[in-house]
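protein-v9.csv follows; it contains CSV, C-alpha atoms.
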```
chain,number,residue,atom,x,y,z
A,27,MET,CA,122.6,3.3,196.9
A,28,ARG,CA,122.1,6.5,199.0
A,29,LYS,CA,125.8,6.7,199.7
A,30,HIS,CA,126.6,6.6,195.9
A,31,ILE,CA,123.9,9.3,195.0
A,32,PHE,CA,125.1,11.5,197.9
A,33,GLY,CA,128.7,11.1,196.9
A,34,ALA,CA,127.9,11.9,193.2
A,35,LEU,CA,126.0,15.0,194.2
A,36,MET,CA,128.8,16.2,196.6
A,37,GLY,CA,131.3,15.6,193.9
A,38,LEU,CA,129.7,18.4,191.9
A,39,MET,CA,130.9,20.8,194.6
A,40,THR,CA,134.5,20.6,193.3
A,41,VAL,CA,133.7,21.7,189.8
A,42,THR,CA,135.5,25.0,189.2
A,43,ALA,CA,134.9,27.9,186.8
A,44,ALA,CA,136.9,30.9,185.8
A,45,PRO,CA,136.2,34.0,188.0
A,46,ALA,CA,134.1,36.7,186.4
A,47,ALA,CA,136.8,39.3,186.5
A,48,ASP,CA,134.7,41.9,184.7
A,49,LEU,CA,132.0,41.8,187.4
A,50,GLY,CA,134.4,42.8,190.2
A,51,LEU,CA,132.9,40.1,192.5
A,52,LYS,CA,134.2,40.4,196.1
A,53,GLY,CA,131.8,38.0,197.8
A,54,MET,CA,128.2,37.3,198.9
A,55,GLU,CA,126.8,40.2,201.0
A,56,HIS,CA,123.4,38.7,202.0
A,57,ILE,CA,120.7,36.1,201.3
A,58,GLY,CA,117.2,37.4,201.0
A,59,VAL,CA,114.4,35.2,202.4
A,60,THR,CA,110.6,36.0,202.3
A,61,VAL,CA,109.0,35.1,205.6
A,62,PRO,CA,105.3,35.0,206.7
A,63,SER,CA,105.9,38.1,208.8
A,64,LEU,CA,109.0,40.0,210.1
A,65,ALA,CA,107.9,39.1,213.6
A,66,GLU,CA,107.9,35.4,212.9
A,67,GLY,CA,111.1,35.5,210.8
A,68,LYS,CA,113.0,37.5,213.5
A,69,ALA,CA,111.7,35.3,216.3
A,70,PHE,CA,113.3,32.3,214.6
A,71,PHE,CA,116.5,33.8,213.3
A,72,GLU,CA,117.2,35.8,216.4
A,73,LYS,CA,115.8,33.7,219.3
A,74,VAL,CA,116.6,30.2,217.9
A,75,LEU,CA,119.7,30.8,215.7
A,76,GLY,CA,121.2,33.8,217.6
A,77,CYS,CA,121.3,36.3,214.6
A,78,GLN,CA,121.2,40.0,215.4
A,79,GLN,CA,119.1,42.6,213.7
A,80,ALA,CA,121.1,45.5,212.2
A,81,TYR,CA,118.2,47.5,210.9
A,82,GLU,CA,114.6,47.4,209.6
A,83,LEU,CA,113.1,49.2,206.6
A,84,GLY,CA,109.6,49.9,205.2
A,85,PRO,CA,106.9,49.5,204.5
A,86,PHE,CA,107.5,50.2,200.9
A,87,LYS,CA,104.8,50.4,198.2
A,88,ASP,CA,103.9,52.2,195.0
A,89,GLU,CA,100.3,53.4,195.2
A,90,LYS,CA,100.0,54.3,191.4
A,91,GLY,CA,102.8,52.8,189.4
A,92,THR,CA,104.6,49.5,188.7
A,93,TRP,CA,107.8,50.1,190.7
A,94,MET,CA,107.5,46.9,192.7
A,95,THR,CA,107.1,44.8,189.5
A,96,ASP,CA,109.7,46.7,187.5
A,97,ASN,CA,112.4,46.7,190.2
A,98,ILE,CA,111.9,43.6,192.3
A,99,GLY,CA,109.6,41.3,190.2
A,100,ALA,CA,106.7,41.5,192.7
A,101,HIS,CA,103.1,42.2,192.1
A,102,LYS,CA,102.6,46.0,191.5
A,103,SER,CA,100.4,46.3,194.6
A,104,SER,CA,102.9,44.5,196.9
A,105,VAL,CA,103.9,46.1,200.2
A,106,ALA,CA,107.3,45.1,201.5
A,107,LYS,CA,109.0,45.4,204.9
A,108,ILE,CA,112.7,44.4,205.4
A,109,ALA,CA,114.9,43.5,208.3
A,110,SER,CA,118.7,42.8,207.9
A,111,LEU,CA,120.3,40.5,210.3
A,112,LYS,CA,123.9,39.5,211.1
A,113,CYS,CA,124.4,35.7,211.6
A,114,GLY,CA,127.7,34.9,213.3
A,115,ASN,CA,130.7,35.7,211.1
A,116,SER,CA,129.1,34.8,207.8
A,117,THR,CA,126.8,36.2,205.1
A,118,ASN,CA,124.0,38.4,206.3
A,119,ILE,CA,120.3,37.4,206.1
A,120,GLU,CA,117.7,39.9,204.7
A,121,LEU,CA,114.1,39.0,205.8
A,122,PHE,CA,111.3,40.2,203.6
A,123,GLU,CA,107.6,40.5,204.6
A,124,PHE,CA,105.3,41.0,201.6
A,125,THR,CA,101.6,41.7,201.5
A,126,SER,CA,100.4,41.0,197.9
A,127,PRO,CA,97.3,39.9,196.2
A,128,SER,CA,99.2,37.3,194.2
A,129,GLN,CA,101.3,35.9,197.0
A,130,ASN,CA,101.7,32.1,197.4
A,131,LYS,CA,101.7,31.5,201.1
A,132,VAL,CA,103.1,27.9,200.9
A,133,SER,CA,106.8,27.4,201.0
A,134,PRO,CA,108.1,25.4,198.0
A,135,LYS,CA,109.0,21.8,198.5
A,136,ARG,CA,112.8,21.1,198.4
A,137,ASP,CA,112.6,19.7,194.9
A,138,ASP,CA,110.5,22.6,193.5
A,139,MET,CA,112.1,25.2,191.3
A,140,GLY,CA,113.1,28.2,193.4
A,141,ALA,CA,113.3,26.2,196.6
A,142,THR,CA,116.3,27.0,198.7
A,143,SER,CA,118.0,26.1,201.9
A,144,ILE,CA,120.4,28.1,204.0
A,145,GLY,CA,123.5,26.4,205.5
A,146,PHE,CA,124.8,27.4,209.0
A,147,TYR,CA,128.1,26.2,210.4
A,148,VAL,CA,128.2,25.2,214.1
A,149,GLU,CA,131.2,24.2,216.3
A,150,ASP,CA,129.4,21.4,218.0
A,151,ILE,CA,126.6,19.7,216.1
A,152,ASP,CA,125.4,17.6,219.0
A,153,ALA,CA,125.0,20.8,221.2
A,154,ALA,CA,123.3,22.5,218.2
A,155,ILE,CA,120.8,19.7,217.8
A,156,ALA,CA,120.0,19.7,221.5
A,157,HIS,CA,119.4,23.5,221.2
A,158,LEU,CA,117.1,23.0,218.2
A,159,LYS,CA,115.1,20.3,219.9
A,160,LYS,CA,114.7,22.4,223.0
A,161,ASN,CA,113.2,25.1,220.7
A,162,ASN,CA,110.9,22.6,219.0
A,163,VAL,CA,112.5,22.9,215.6
A,164,LYS,CA,111.6,20.2,213.2
A,165,LEU,CA,114.7,18.0,212.3
A,166,LEU,CA,114.8,16.0,209.1
A,167,GLY,CA,116.3,12.6,210.0
A,168,ASP,CA,119.4,12.1,212.1
A,169,VAL,CA,122.9,13.5,211.9
A,170,LYS,CA,124.8,12.3,208.9
A,171,LYS,CA,128.5,11.7,209.4
A,172,VAL,CA,130.3,11.8,206.0
A,173,GLU,CA,133.1,9.3,205.8
A,174,GLU,CA,134.1,9.3,202.2
A,175,GLY,CA,134.2,11.6,199.2
A,176,PRO,CA,135.0,15.3,198.9
A,177,ILE,CA,133.2,16.3,202.1
A,178,ALA,CA,134.4,13.4,204.3
A,179,GLY,CA,134.8,14.8,207.8
A,180,ARG,CA,131.5,16.8,207.8
A,181,SER,CA,128.5,16.1,210.0
A,182,TRP,CA,125.1,17.6,208.9
A,183,ILE,CA,121.4,17.6,209.4
A,184,TYR,CA,118.5,19.5,207.8
A,185,ALA,CA,115.9,21.3,209.9
A,186,GLU,CA,112.8,23.4,209.0
A,187,THR,CA,111.7,26.8,210.2
A,188,PRO,CA,108.1,27.0,211.3
A,189,TRP,CA,107.0,28.3,207.8
A,190,GLY,CA,108.9,25.5,206.0
A,191,LEU,CA,112.2,27.0,204.9
A,192,GLN,CA,114.9,24.4,205.1
A,193,ILE,CA,118.1,25.1,207.0
A,194,PHE,CA,121.3,23.0,206.8
A,195,ILE,CA,123.3,22.7,210.0
A,196,GLU,CA,126.9,21.5,209.5
A,197,SER,CA,130.1,21.0,211.4
A,198,ASP,CA,133.6,19.9,210.3
A,199,PRO,CA,136.0,21.0,213.0
A,200,ASN,CA,139.0,19.3,211.3
A,201,GLY,CA,138.1,20.4,207.8
A,202,ILE,CA,136.8,18.3,204.9
A,203,ALA,CA,138.6,16.0,202.5
A,204,TYR,CA,138.7,18.0,199.3
A,205,THR,CA,140.5,20.9,200.9
A,206,LYS,CA,143.6,18.7,201.3
A,207,THR,CA,143.8,18.4,197.5
A,208,PRO,CA,146.6,20.6,196.1
A,209,GLY,CA,145.2,23.5,194.1
A,210,ALA,CA,141.6,22.9,195.3
A,211,VAL,CA,139.3,25.9,195.3
A,212,LYS,CA,138.5,26.3,198.9
A,213,LEU,CA,134.9,27.2,199.8
A,214,PHE,CA,134.4,29.8,202.5
A,215,SER,CA,133.8,28.3,205.9
A,216,PRO,CA,132.8,30.3,209.0
A,217,ARG,CA,135.1,27.8,210.8
A,218,ASN,CA,138.1,29.7,209.4
A,219,ALA,CA,136.8,33.2,209.7
A,220,ALA,CA,137.5,35.6,212.5
A,221,ASN,CA,134.6,36.5,214.8
```
Can you present the structure in this file as structure tokens?
Amino acid sequence: MRKHIFGALMGLMTVTAAPAADLGLKGMEHIGVTVPSLAEGKAFFEKVLGCQQAYELGPFKDEKGTWMTDNIGAHKSSVAKIASLKCGNSTNIELFEFTSPSQNKVSPKRDDMGATSIGFYVEDIDAAIAHLKKNNVKLLGDVKKVEEGPIAGRSWIYAETPWGLQIFIESDPNGIAYTKTPGAVKLFSPRNAAN
């Protein structure tokens, strides 16, 4: 049963859509993540995952107006600090620390609206898991080795940051099955990118 559900979900990955030519989309520049504090977020992303900080900004606040609500959808009294990090040769991570009277300090569960996970590619998944265990990172289950369907050839596992954000660790050194289909839209993989 699990194999069929997982296969069906992964089959959705191959659905293609026409590019939004009018937008001028070149690619994803960063993923923004709100963390309990920049110190805690950077401790995990830098010390555990090996990301590097490029810069830090803030604090930002609007003492009298509604700039925070109007421009970023936060409470008008919010105070924000930002740190931008480079993670290997893939999309950047932007960490946000907010102080706000309306802030929910509990991470959403994986099946809640707005929940997210961030996927990281590693060359050797067994070495990565050993590293995560050494750093007391919570792992969700054991490594899954996909043997059929569009992502056959991939090994993966979910883990959690100390504040509950899920991260996805994956490896497929020989590629995955769907990429061998003629005309397939090939998703970006750090495996193929220059350092």
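For the set A:Pro199, A:Gly167, A:Gly50, A:Gly190, the residue with the smallest atom-to-atom gap to Pro134 in chain A is A:Gly190, counting only C-alpha atoms.
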For this session: Determine, counting all atoms listed in the file, which protein, DNA and RNA residues have an atom within 10 Å of an atom of range 212-220 of chain A; residues of the same chain fewer than 4 positions away are not included. Present the result as a list of chain:residue names.
Result: A:Met39, A:Thr40, A:Gly53, A:Gly114, A:Asn115, A:Ser116, A:Thr117, A:Phe146, A:Tyr147, A:Val148, A:Glu149, A:Ser197, A:Asp198, A:Pro199, A:Asn200, A:Gly201, A:Tyr204, A:Thr205, A:Lys206, A:Thr207
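Using only C-alpha atoms, the smallest distance between any of A:Leu166, A:Ile57, A:Ile119, A:Met94 and Tyr184 in chain A comes from A:Leu166.
The gap separating CA of Ser133 in chain A from CA of Gln192 in chain A is 9.6 Å, in Å to one decimal.
Each of A:Val74, A:Ile193, A:Ile151, A:Ala203 was checked against Pro176 in chain A using all atoms listed in the file; the smallest atom-to-atom distance is that of A:Ala203.
The shortest atom-to-atom distance to Trp189 in chain A, with only C-alpha atoms taken into account, belongs to A:Lys135 out of A:Lys135, A:Lys160, A:Lys73, A:Lys171.
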Exercise. What is the CA of Ser143 in chain A-CA of Gly67 in chain A distance in Å, reported with one decimal?
Worked result: 14.7 Å
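When CA of Ile108 in chain A is paired with CA of Ile195 in chain A, their separation reads 24.6 Å.
Distances to Val59 in chain A were evaluated for A:Ser181, A:Thr92, A:Thr142, A:Gln78 using all atoms listed in the file, and the minimum falls at A:Thr142.
Nearest to Cys113 in chain A of all the residues A:Pro127, A:Gly209, A:Gly145, A:Gly179 is A:Gly145, counting only C-alpha atoms.
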